[in-house]
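Shown below: model_6.pdb, with PDB, C-alpha atoms.
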ATOM      1  CA  MET A1152      -4.272 177.326  74.714
ATOM      2  CA  GLU A1153      -6.828 175.131  76.470
ATOM      3  CA  THR A1154      -9.657 173.834  74.298
ATOM      4  CA  ALA A1155     -13.025 172.275  75.050
ATOM      5  CA  SER A1156     -12.738 169.544  72.450
ATOM      6  CA  SER A1157     -12.168 166.752  74.981
ATOM      7  CA  THR A1158     -15.237 167.521  77.082
ATOM      8  CA  ALA A1159     -17.934 166.148  74.744
ATOM      9  CA  PRO A1160     -18.240 162.620  73.260
ATOM     10  CA  ALA A1161     -16.611 162.480  69.825
ATOM     11  CA  ASN A1162     -19.517 160.578  68.233
ATOM     12  CA  GLU A1163     -21.989 163.189  69.461
ATOM     13  CA  LEU A1164     -19.818 165.994  68.105
ATOM     14  CA  ASP A1165     -19.426 164.117  64.814
ATOM     15  CA  GLN A1166     -23.197 163.876  64.399
ATOM     16  CA  TRP A1167     -23.752 167.539  65.214
ATOM     17  CA  GLN A1168     -20.942 168.603  62.903
ATOM     18  CA  ALA A1169     -22.372 166.543  60.030
ATOM     19  CA  ALA A1170     -25.849 168.051  60.518
ATOM     20  CA  PHE A1171     -24.331 171.538  60.648
ATOM     21  CA  ALA A1172     -22.391 170.969  57.404
ATOM     22  CA  ARG A1173     -25.529 169.703  55.654
ATOM     23  CA  ASP A1174     -28.104 172.207  56.907
ATOM     24  CA  GLY A1175     -26.092 175.194  58.163
ATOM     25  CA  TYR A1176     -27.441 174.700  61.681
ATOM     26  CA  VAL A1177     -27.927 172.058  64.335
ATOM     27  CA  VAL A1178     -30.110 171.862  67.446
ATOM     28  CA  MET A1179     -28.375 170.403  70.496
ATOM     29  CA  PRO A1180     -31.428 169.225  72.449
ATOM     30  CA  GLU A1181     -31.815 170.045  76.156
ATOM     31  CA  ILE A1182     -28.100 170.105  76.971
ATOM     32  CA  ILE A1183     -28.494 172.860  79.602
ATOM     33  CA  PRO A1184     -29.833 171.631  82.973
ATOM     34  CA  ARG A1185     -33.206 173.043  83.999
ATOM     35  CA  GLN A1186     -31.787 174.633  87.155
ATOM     36  CA  GLU A1187     -29.241 176.535  85.088
ATOM     37  CA  VAL A1188     -31.948 177.667  82.662
ATOM     38  CA  LEU A1189     -34.007 179.008  85.569
ATOM     39  CA  ALA A1190     -30.980 180.698  87.148
ATOM     40  CA  LEU A1191     -30.037 182.423  83.892
ATOM     41  CA  THR A1192     -33.606 183.645  83.393
ATOM     42  CA  GLU A1193     -33.730 185.012  86.939
ATOM     43  CA  ALA A1194     -30.382 186.750  86.386
ATOM     44  CA  LEU A1195     -31.698 188.396  83.212
ATOM     45  CA  LEU A1196     -34.759 189.676  85.049
ATOM     46  CA  ARG A1197     -32.641 190.999  87.915
ATOM     47  CA  VAL A1198     -30.179 192.793  85.616
ATOM     48  CA  GLU A1199     -33.019 194.246  83.554
ATOM     49  CA  ALA A1200     -34.715 195.630  86.669
ATOM     50  CA  GLU A1201     -31.543 196.918  88.346
ATOM     51  CA  HIS A1202     -30.319 198.798  85.278
ATOM     52  CA  GLY A1203     -33.665 199.815  83.813
ATOM     53  CA  PHE A1204     -33.062 198.122  80.471
ATOM     54  CA  GLY A1205     -35.970 198.519  78.087
ATOM     55  CA  TYR A1206     -36.899 197.620  74.561
ATOM     56  CA  ALA A1207     -34.418 198.062  71.724
ATOM     57  CA  ARG A1208     -34.507 201.307  69.749
ATOM     58  CA  THR A1209     -34.450 199.902  66.205
ATOM     59  CA  SER A1210     -36.986 197.752  64.408
ATOM     60  CA  PHE A1211     -34.335 195.190  63.415
ATOM     61  CA  GLU A1212     -33.265 194.684  67.038
ATOM     62  CA  GLY A1213     -36.918 194.561  68.061
ATOM     63  CA  LEU A1214     -39.074 197.384  69.363
ATOM     64  CA  LYS A1215     -40.593 194.912  71.824
ATOM     65  CA  THR A1216     -37.390 193.012  72.532
ATOM     66  CA  VAL A1217     -35.025 193.544  75.464
ATOM     67  CA  ARG A1218     -31.421 193.053  74.344
ATOM     68  CA  ILE A1219     -28.884 193.296  77.146
ATOM     69  CA  ASN A1220     -25.405 193.497  75.652
ATOM     70  CA  ASN A1221     -22.048 192.944  77.355
ATOM     71  CA  LEU A1222     -23.644 190.382  79.661
ATOM     72  CA  LEU A1223     -20.315 189.248  81.107
ATOM     73  CA  VAL A1224     -20.058 192.405  83.224
ATOM     74  CA  HIS A1225     -23.452 191.941  84.857
ATOM     75  CA  ASP A1226     -23.302 188.568  86.635
ATOM     76  CA  PRO A1227     -20.688 185.802  86.967
ATOM     77  CA  LEU A1228     -23.438 183.337  86.075
ATOM     78  CA  PHE A1229     -23.132 184.486  82.452
ATOM     79  CA  TRP A1230     -19.433 183.588  82.395
ATOM     80  CA  ARG A1231     -20.416 179.948  82.028
ATOM     81  CA  VAL A1232     -22.319 180.512  78.789
ATOM     82  CA  PRO A1233     -19.405 180.956  76.323
ATOM     83  CA  LEU A1234     -17.575 178.132  78.125
ATOM     84  CA  GLN A1235     -20.385 175.540  77.860
ATOM     85  CA  PRO A1236     -18.320 172.438  77.008
ATOM     86  CA  GLN A1237     -20.417 170.866  74.236
ATOM     87  CA  VAL A1238     -21.191 174.121  72.450
ATOM     88  CA  LEU A1239     -17.633 175.419  72.699
ATOM     89  CA  ALA A1240     -16.169 172.104  71.508
ATOM     90  CA  LEU A1241     -18.381 172.143  68.421
ATOM     91  CA  ALA A1242     -17.613 175.806  67.740
ATOM     92  CA  GLU A1243     -13.889 175.038  68.012
ATOM     93  CA  ARG A1244     -14.313 172.293  65.421
ATOM     94  CA  LEU A1245     -16.226 174.538  63.058
ATOM     95  CA  LEU A1246     -13.932 177.565  63.398
ATOM     96  CA  ASP A1247     -10.650 176.799  65.180
ATOM     97  CA  PRO A1248      -9.418 176.399  68.773
ATOM     98  CA  GLU A1249      -8.286 180.045  68.801
ATOM     99  CA  LEU A1250     -11.767 181.392  68.107
ATOM    100  CA  LEU A1251     -13.100 184.482  69.890
ATOM    101  CA  LEU A1252     -16.331 185.394  71.603
ATOM    102  CA  SER A1253     -17.833 187.994  69.295
ATOM    103  CA  SER A1254     -20.807 188.971  71.474
ATOM    104  CA  LEU A1255     -23.070 187.746  74.253
ATOM    105  CA  CYS A1256     -26.514 189.273  74.678
ATOM    106  CA  SER A1257     -30.052 188.484  75.758
ATOM    107  CA  LEU A1258     -32.997 188.087  73.378
ATOM    108  CA  THR A1259     -36.135 188.611  75.442
ATOM    109  CA  LEU A1260     -39.091 188.844  73.057
ATOM    110  CA  GLY A1261     -42.106 190.614  74.491
ATOM    111  CA  PRO A1262     -45.686 189.956  73.387
ATOM    112  CA  GLY A1263     -46.373 191.588  70.057
ATOM    113  CA  GLN A1264     -42.791 191.493  68.799
ATOM    114  CA  GLU A1265     -42.873 191.305  64.992
ATOM    115  CA  ALA A1266     -40.710 188.997  62.908
ATOM    116  CA  GLN A1267     -37.338 190.250  61.686
ATOM    117  CA  PRO A1268     -36.489 190.719  58.012
ATOM    118  CA  LEU A1269     -34.718 187.762  56.422
ATOM    119  CA  HIS A1270     -30.943 188.256  56.549
ATOM    120  CA  GLU A1271     -27.617 186.622  57.300
ATOM    121  CA  ASP A1272     -25.224 187.826  59.948
ATOM    122  CA  THR A1273     -22.140 188.546  57.842
ATOM    123  CA  GLN A1274     -23.727 190.065  54.750
ATOM    124  CA  GLN A1275     -21.999 193.385  55.489
ATOM    125  CA  LEU A1276     -18.628 191.717  54.853
ATOM    126  CA  PRO A1277     -17.386 191.759  51.226
ATOM    127  CA  LEU A1278     -16.322 188.115  51.178
ATOM    128  CA  ALA A1279     -16.956 185.472  48.533
ATOM    129  CA  ARG A1280     -19.620 182.857  49.153
ATOM    130  CA  PRO A1281     -20.017 179.992  49.737
ATOM    131  CA  ARG A1282     -17.190 179.686  52.236
ATOM    132  CA  ALA A1283     -16.108 177.843  55.325
ATOM    133  CA  PRO A1284     -17.753 179.201  58.500
ATOM    134  CA  ILE A1285     -16.176 182.382  59.834
ATOM    135  CA  ALA A1286     -18.672 182.895  62.665
ATOM    136  CA  VAL A1287     -21.316 180.775  64.385
ATOM    137  CA  ASN A1288     -24.173 181.826  66.630
ATOM    138  CA  ALA A1289     -25.345 179.720  69.567
ATOM    139  CA  ILE A1290     -28.938 180.542  70.494
ATOM    140  CA  TRP A1291     -29.710 179.331  74.010
ATOM    141  CA  ALA A1292     -33.403 178.629  74.523
ATOM    142  CA  LEU A1293     -34.325 179.664  78.066
ATOM    143  CA  SER A1294     -37.999 179.238  77.128
ATOM    144  CA  ASP A1295     -39.506 176.660  74.802
ATOM    145  CA  PHE A1296     -39.129 177.973  71.241
ATOM    146  CA  THR A1297     -42.538 177.541  69.568
ATOM    147  CA  PRO A1298     -44.052 178.676  66.260
ATOM    148  CA  ASP A1299     -46.070 181.270  68.182
ATOM    149  CA  ASN A1300     -43.477 182.866  70.478
ATOM    150  CA  GLY A1301     -40.727 183.666  67.999
ATOM    151  CA  ALA A1302     -38.817 180.481  67.145
ATOM    152  CA  THR A1303     -36.127 181.382  64.622
ATOM    153  CA  HIS A1304     -37.036 181.057  60.935
ATOM    154  CA  ILE A1305     -34.308 179.504  58.803
ATOM    155  CA  VAL A1306     -33.668 178.442  55.222
ATOM    156  CA  PRO A1307     -31.846 175.094  55.596
ATOM    157  CA  GLY A1308     -28.800 174.767  53.362
ATOM    158  CA  SER A1309     -28.727 178.468  52.524
ATOM    159  CA  HIS A1310     -25.204 178.788  53.957
ATOM    160  CA  ARG A1311     -24.109 177.275  50.631
ATOM    161  CA  GLU A1312     -25.734 179.997  48.527
ATOM    162  CA  THR A1313     -23.483 182.252  46.450
ATOM    163  CA  ALA A1314     -24.978 185.475  47.836
ATOM    164  CA  PRO A1315     -26.868 186.739  50.891
ATOM    165  CA  PRO A1316     -30.660 186.905  50.632
ATOM    166  CA  PRO A1317     -32.262 190.093  49.370
ATOM    167  CA  TYR A1318     -32.791 191.844  52.696
ATOM    168  CA  GLY A1319     -36.292 191.131  53.967
ATOM    169  CA  ALA A1320     -37.156 188.889  51.013
ATOM    170  CA  ASP A1321     -40.287 186.741  51.253
ATOM    171  CA  ILE A1322     -38.707 183.300  50.969
ATOM    172  CA  PRO A1323     -40.150 180.072  52.424
ATOM    173  CA  THR A1324     -38.613 179.177  55.793
ATOM    174  CA  VAL A1325     -38.926 176.572  58.505
ATOM    175  CA  GLN A1326     -38.918 177.326  62.219
ATOM    176  CA  ALA A1327     -36.327 175.893  64.567
ATOM    177  CA  THR A1328     -38.574 174.880  67.452
ATOM    178  CA  MET A1329     -36.849 173.452  70.530
ATOM    179  CA  LYS A1330     -37.327 172.857  74.225
ATOM    180  CA  ALA A1331     -35.916 175.139  76.921
ATOM    181  CA  GLY A1332     -32.342 174.106  77.650
ATOM    182  CA  SER A1333     -31.605 173.407  73.993
ATOM    183  CA  VAL A1334     -29.033 175.292  71.950
ATOM    184  CA  MET A1335     -29.198 175.974  68.220
ATOM    185  CA  LEU A1336     -25.806 176.605  66.619
ATOM    186  CA  PHE A1337     -25.925 178.078  63.123
ATOM    187  CA  ASP A1338     -23.546 179.368  60.475
ATOM    188  CA  SER A1339     -23.433 183.161  60.280
ATOM    189  CA  ALA A1340     -24.050 182.785  56.528
ATOM    190  CA  LEU A1341     -27.353 180.924  57.051
ATOM    191  CA  TRP A1342     -30.407 182.846  55.874
ATOM    192  CA  HIS A1343     -32.628 183.380  58.911
ATOM    193  CA  LYS A1344     -34.838 185.773  60.850
ATOM    194  CA  GLY A1345     -36.229 186.053  64.345
ATOM    195  CA  GLY A1346     -39.860 184.995  64.534
ATOM    196  CA  ALA A1347     -42.876 186.925  65.805
ATOM    197  CA  ASN A1348     -44.156 186.546  69.355
ATOM    198  CA  THR A1349     -47.941 186.380  69.045
ATOM    199  CA  THR A1350     -48.430 185.009  72.561
ATOM    200  CA  GLY A1351     -49.124 186.918  75.753
ATOM    201  CA  ALA A1352     -45.891 185.803  77.407
ATOM    202  CA  ARG A1353     -42.222 186.699  77.104
ATOM    203  CA  ARG A1354     -39.758 184.384  75.383
ATOM    204  CA  TYR A1355     -36.256 184.261  76.890
ATOM    205  CA  ALA A1356     -33.045 183.414  75.049
ATOM    206  CA  LEU A1357     -29.346 184.193  74.848
ATOM    207  CA  SER A1358     -27.222 184.789  71.772
ATOM    208  CA  CYS A1359     -23.628 183.573  72.211
ATOM    209  CA  TYR A1360     -21.801 184.494  69.020
ATOM    210  CA  TYR A1361     -18.334 183.113  68.237
ATOM    211  CA  CYS A1362     -16.040 184.227  65.429
ATOM    212  CA  ALA A1363     -12.752 183.139  63.912
ATOM    213  CA  GLY A1364      -9.732 184.341  65.865
ATOM    214  CA  TRP A1365      -8.655 186.717  63.073
ATOM    215  CA  MET A1366     -11.996 188.547  62.892
ATOM    216  CA  ARG A1367     -13.003 191.746  64.615
ATOM    217  CA  GLN A1368     -15.576 191.038  67.329
ATOM    218  CA  GLN A1369     -19.077 192.528  67.215
ATOM    219  CA  GLU A1370     -18.692 193.774  70.782
ATOM    220  CA  ASN A1371     -15.457 195.497  71.798
ATOM    221  CA  LEU A1372     -15.024 193.327  74.860
ATOM    222  CA  GLN A1373     -11.557 194.608  75.771
ATOM    223  CA  LEU A1374     -12.948 198.132  76.251
ATOM    224  CA  GLY A1375     -16.447 197.158  77.370
ATOM    225  CA  ILE A1376     -15.319 194.858  80.191
ATOM    226  CA  PRO A1377     -13.359 196.598  82.959
ATOM    227  CA  ALA A1378      -9.942 195.007  83.511
ATOM    228  CA  GLU A1379     -10.748 194.323  87.180
ATOM    229  CA  VAL A1380     -13.704 192.205  86.011
ATOM    230  CA  ALA A1381     -11.710 190.410  83.282
ATOM    231  CA  ARG A1382      -9.010 189.489  85.824
ATOM    232  CA  ARG A1383     -11.599 187.362  87.640
ATOM    233  CA  PHE A1384     -12.560 185.400  84.524
ATOM    234  CA  PRO A1385     -11.315 181.854  83.989
ATOM    235  CA  ARG A1386      -8.307 181.996  81.664
ATOM    236  CA  ARG A1387     -10.230 180.386  78.769
ATOM    237  CA  LEU A1388     -12.857 183.121  78.978
ATOM    238  CA  GLN A1389     -10.130 185.776  79.040
ATOM    239  CA  GLU A1390      -8.737 184.279  75.842
ATOM    240  CA  LEU A1391     -12.176 184.169  74.225
ATOM    241  CA  CYS A1392     -12.658 187.863  74.995
ATOM    242  CA  GLY A1393      -9.475 188.763  73.106
ATOM    243  CA  TYR A1394      -6.780 188.513  75.752
ATOM    244  CA  SER A1395      -4.930 186.156  73.447
ATOM    245  CA  ILE A1396      -2.510 186.202  70.547
ATOM    246  CA  TYR A1397      -3.816 184.546  67.392
ATOM    247  CA  LYS A1398      -1.350 182.139  65.765
ATOM    248  CA  GLY A1399       1.351 183.686  67.952
ATOM    249  CA  GLN A1400       1.252 186.901  65.921
ATOM    250  CA  TYR A1401      -2.018 188.769  65.629
ATOM    251  CA  GLY A1402      -3.213 190.899  68.529
ATOM    252  CA  HIS A1403       0.091 191.223  70.349
ATOM    253  CA  ILE A1404       1.003 194.261  72.475
ATOM    254  CA  ASP A1405       4.682 195.205  72.230
ATOM    255  CA  ASN A1406       5.382 191.623  71.122
ATOM    256  CA  ARG A1407       3.643 190.233  74.218
ATOM    257  CA  ASP A1408       0.512 188.195  74.678
ATOM    258  CA  PRO A1409      -2.188 190.623  75.924
ATOM    259  CA  ILE A1410      -3.202 188.193  78.664
ATOM    260  CA  THR A1411      -0.121 189.400  80.555
ATOM    261  CA  LEU A1412      -2.048 192.646  81.160
ATOM    262  CA  LEU A1413      -4.329 190.595  83.411
ATOM    263  CA  GLY A1414      -1.397 189.159  85.357
ATOM    264  CA  ALA A1415      -1.331 185.766  83.647
ATOM    265  CA  GLU A1416       1.583 184.125  81.894
ATOM    266  CA  GLY A1417       1.445 184.682  78.145
ATOM    267  CA  ARG A1418       2.118 182.365  75.247
ATOM    268  CA  ARG A1419       5.164 182.781  73.022
ATOM    269  CA  THR A1420       4.972 184.899  69.900
ATOM    270  CA  VAL A1421       5.583 183.152  66.593
ATOM    271  CA  TRP A1422       9.015 184.798  66.455
ATOM    272  CA  GLU A1423       9.989 183.545  69.911
ATOM    273  CA  ALA A1424       8.755 180.076  69.034
ATOM    274  CA  SER A1425      10.794 180.154  65.824
ATOM    275  CA  ASP A1426      13.981 181.060  67.714
ATOM    276  CA  LEU A1427      13.310 178.301  70.247
ATOM    277  CA  LYS A1428      12.949 175.716  67.462
ATOM    278  CA  LYS A1429      16.188 176.960  65.917
ATOM    279  CA  LYS A1430      18.052 176.552  69.211
ATOM    280  CA  ARG A1431      16.687 173.051  69.635
ATOM    281  CA  ARG A1432      17.795 172.073  66.126
ATOM    282  CA  GLU A1433      21.253 173.507  66.782
ATOM    283  CA  GLY A1434      21.371 171.601  70.080
ATOM    284  CA  ASP A1435      20.461 168.347  68.365
ATOM    285  CA  ALA A1436      23.204 168.959  65.816
TER     286      ALA A1436
END
structure tokens encoding of this file:
Amino acid sequence: METASSTAPANELDQWQAAFARDGYVVMPEIIPRQEVLALTEALLRVEAEHGFGYARTSFEGLKTVRINNLLVHDPLFWRVPLQPQVLALAERLLDPELLLSSLCSLTLGPGQEAQPLHEDTQQLPLARPRAPIAVNAIWALSDFTPDNGATHIVPGSHRETAPPPYGADIPTVQATMKAGSVMLFDSALWHKGGANTTGARRYALSCYYCAGWMRQQENLQLGIPAEVARRFPRRLQELCGYSIYKGQYGHIDNRDPITLLGAEGRRTVWEASDLKKKRREGDA
């Protein structure tokens, strides 16, 4: 399986990884070129208009927020987001090289959007805390994130707490302000909430959520993305969407790597690899 780990300087990744371990999040400043930021914003506006997407229907998602899910089906420009070399390399370090894309959606906050309740993203899962990261969220700032337009509120270090926050609790936070083109990567266990947009302008962002390869994804990408679209993806994106076999065992179809359904050559199962090792040992003997 191809990884992104060789595409970013090791010292830069080391620094980001250390900050993430300490605080539960890290801001990767202005790593997305301005032209790409503008192109992604234009694509969001086009998709929103063409499909008539409106505000979300629940207060948690944001009654004045446009969330476009399953973005990979709407424009090839979005295919580059989960594959961004620096972000993916850091996510691979924090999770493992066989991680999955859990979801990819837009976060367009309209004027008047209220702040979210304080929460963490995996508090529905009955798992002991603290723990190693099992999912990380990359928030792409397509607008400047400011205190007034909804910059994410966080509780630094809260990923080490022994329990999730009381939902909606009034706990002191800091805001992760950043320039457009920056990406904030945070542990799914970090206590956080979306901020309020008290300005008269929209704030544009993407949420690119990765999870460990053994976890169920938030979005069912294998059913949500038509096979004819997935066949056009780069192989690494196909693997991220679940056309892969975790540790050579989990997710197989009739003992085959699911990527073969897209016409690509699959990896060996753990059982095939075991037999191959046995034959090699017998050959050496």
Subject >> Answer key for the PyMOL selection byres ((chain A and resi 1340) around 6), residues as number ranges by chain >> reply: A: 1271, 1310, 1338-1339, 1341
**OP:** I need the residue set behind the PyMOL selection byres ((chain A and resi 1170-1182) around 10) for this file; please write it as a ChimeraX atom specification.
**Re:** /A:1163-1169,1183-1185,1235,1237-1238,1241,1245,1283-1284,1287-1292,1305-1311,1327-1342
Take the residues from that selection and write them out as a PDB file, in the coordinates of the input, keeping C-alpha atoms.
ATOM      1  CA  GLU A1163     -21.989 163.189  69.461  1.00  0.00           C
ATOM      2  CA  LEU A1164     -19.818 165.994  68.105  1.00  0.00           C
ATOM      3  CA  ASP A1165     -19.426 164.117  64.814  1.00  0.00           C
ATOM      4  CA  GLN A1166     -23.197 163.876  64.399  1.00  0.00           C
ATOM      5  CA  TRP A1167     -23.752 167.539  65.214  1.00  0.00           C
ATOM      6  CA  GLN A1168     -20.942 168.603  62.903  1.00  0.00           C
ATOM      7  CA  ALA A1169     -22.372 166.543  60.030  1.00  0.00           C
ATOM      8  CA  ILE A1183     -28.494 172.860  79.602  1.00  0.00           C
ATOM      9  CA  PRO A1184     -29.833 171.631  82.973  1.00  0.00           C
ATOM     10  CA  ARG A1185     -33.206 173.043  83.999  1.00  0.00           C
ATOM     11  CA  GLN A1235     -20.385 175.540  77.860  1.00  0.00           C
ATOM     12  CA  GLN A1237     -20.417 170.866  74.236  1.00  0.00           C
ATOM     13  CA  VAL A1238     -21.191 174.121  72.450  1.00  0.00           C
ATOM     14  CA  LEU A1241     -18.381 172.143  68.421  1.00  0.00           C
ATOM     15  CA  LEU A1245     -16.226 174.538  63.058  1.00  0.00           C
ATOM     16  CA  ALA A1283     -16.108 177.843  55.325  1.00  0.00           C
ATOM     17  CA  PRO A1284     -17.753 179.201  58.500  1.00  0.00           C
ATOM     18  CA  VAL A1287     -21.316 180.775  64.385  1.00  0.00           C
ATOM     19  CA  ASN A1288     -24.173 181.826  66.630  1.00  0.00           C
ATOM     20  CA  ALA A1289     -25.345 179.720  69.567  1.00  0.00           C
ATOM     21  CA  ILE A1290     -28.938 180.542  70.494  1.00  0.00           C
ATOM     22  CA  TRP A1291     -29.710 179.331  74.010  1.00  0.00           C
ATOM     23  CA  ALA A1292     -33.403 178.629  74.523  1.00  0.00           C
ATOM     24  CA  ILE A1305     -34.308 179.504  58.803  1.00  0.00           C
ATOM     25  CA  VAL A1306     -33.668 178.442  55.222  1.00  0.00           C
ATOM     26  CA  PRO A1307     -31.846 175.094  55.596  1.00  0.00           C
ATOM     27  CA  GLY A1308     -28.800 174.767  53.362  1.00  0.00           C
ATOM     28  CA  SER A1309     -28.727 178.468  52.524  1.00  0.00           C
ATOM     29  CA  HIS A1310     -25.204 178.788  53.957  1.00  0.00           C
ATOM     30  CA  ARG A1311     -24.109 177.275  50.631  1.00  0.00           C
ATOM     31  CA  ALA A1327     -36.327 175.893  64.567  1.00  0.00           C
ATOM     32  CA  THR A1328     -38.574 174.880  67.452  1.00  0.00           C
ATOM     33  CA  MET A1329     -36.849 173.452  70.530  1.00  0.00           C
ATOM     34  CA  LYS A1330     -37.327 172.857  74.225  1.00  0.00           C
ATOM     35  CA  ALA A1331     -35.916 175.139  76.921  1.00  0.00           C
ATOM     36  CA  GLY A1332     -32.342 174.106  77.650  1.00  0.00           C
ATOM     37  CA  SER A1333     -31.605 173.407  73.993  1.00  0.00           C
ATOM     38  CA  VAL A1334     -29.033 175.292  71.950  1.00  0.00           C
ATOM     39  CA  MET A1335     -29.198 175.974  68.220  1.00  0.00           C
ATOM     40  CA  LEU A1336     -25.806 176.605  66.619  1.00  0.00           C
ATOM     41  CA  PHE A1337     -25.925 178.078  63.123  1.00  0.00           C
ATOM     42  CA  ASP A1338     -23.546 179.368  60.475  1.00  0.00           C
ATOM     43  CA  SER A1339     -23.433 183.161  60.280  1.00  0.00           C
ATOM     44  CA  ALA A1340     -24.050 182.785  56.528  1.00  0.00           C
ATOM     45  CA  LEU A1341     -27.353 180.924  57.051  1.00  0.00           C
ATOM     46  CA  TRP A1342     -30.407 182.846  55.874  1.00  0.00           C
TER      47      TRP A1342
END
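Residues lying within 6 Å of segment 1212-1227 of chain A, counting only C-alpha atoms and ignoring same-chain neighbours fewer than 2 positions away, are Gly1205, Tyr1206, Ala1207, Thr1209, Ser1210, Phe1229, Trp1230, Cys1256, Ser1257, Leu1258, Thr1259, Leu1260, Gly1261 and Gln1264 of chain A.
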Original post:
On this structure, which residues satisfy the PyMOL selection byres ((chain A and resi 1368-1383) around 6), written as JSON, numbers by chain?
Top reply: {"A": [1253, 1254, 1367, 1384, 1392, 1413]}
Same residues, C-alpha atoms, output as an mmCIF file, in the coordinates of the input:
data_model
loop_
_atom_site.group_PDB
_atom_site.id
_atom_site.type_symbol
_atom_site.label_atom_id
_atom_site.label_comp_id
_atom_site.auth_asym_id
_atom_site.auth_seq_id
_atom_site.Cartn_x
_atom_site.Cartn_y
_atom_site.Cartn_z
ATOM 1 C CA SER A 1253 -17.833 187.994 69.295
ATOM 2 C CA SER A 1254 -20.807 188.971 71.474
ATOM 3 C CA ARG A 1367 -13.003 191.746 64.615
ATOM 4 C CA PHE A 1384 -12.560 185.400 84.524
ATOM 5 C CA CYS A 1392 -12.658 187.863 74.995
ATOM 6 C CA LEU A 1413 -4.329 190.595 83.411
#
Subject >> Pairwise distance for atom CA of Gly1301 of chain A and atom CA of Gly1345 of chain A, rounded to one decimal in Å >> reply: 6.3 Å
Mind working out the centre and edge lengths of an axis-aligned box for segment 1287-1296 of chain A, all listed atoms inside, 4 Å added to each side, rounded to one decimal in Å and written as JSON?
{"center_x": -30.4, "center_y": 179.2, "center_z": 71.2, "size_x": 26.2, "size_y": 13.2, "size_z": 21.7}
Subject >> Pick from A:Pro1160, A:Arg1419, A:Leu1357, A:Gly1399 nearest to Pro1236 of chain A, counting only C-alpha atoms >> reply: A:Pro1160
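Here atom CA of His1403 of chain A stands at a distance of 17.2 Å from atom CA of Arg1387 of chain A.
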Original post:
Between atom CA of Arg1282 of chain A and atom CA of Glu1312 of chain A, what is the spacing in Å?
Top reply: 9.3 Å
Original post:
Looking at only C-alpha atoms, which of A:Phe1296, A:Lys1428, A:Leu1251, A:Leu1269 is the one that sits closest to Ile1396 of chain A?
Top reply: A:Leu1251
Subject >> For Gln1389 of chain A, the nearest of the candidates A:Cys1362, A:Ala1356, A:Ala1415, A:Ala1190, counting all atoms listed in the file >> reply: A:Ala1415
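Counting all atoms listed in the file and comparing A:Glu1390, A:Glu1265, A:Glu1433, A:Asp1299, the residue that lies closest to Gly1351 of chain A is A:Asp1299.
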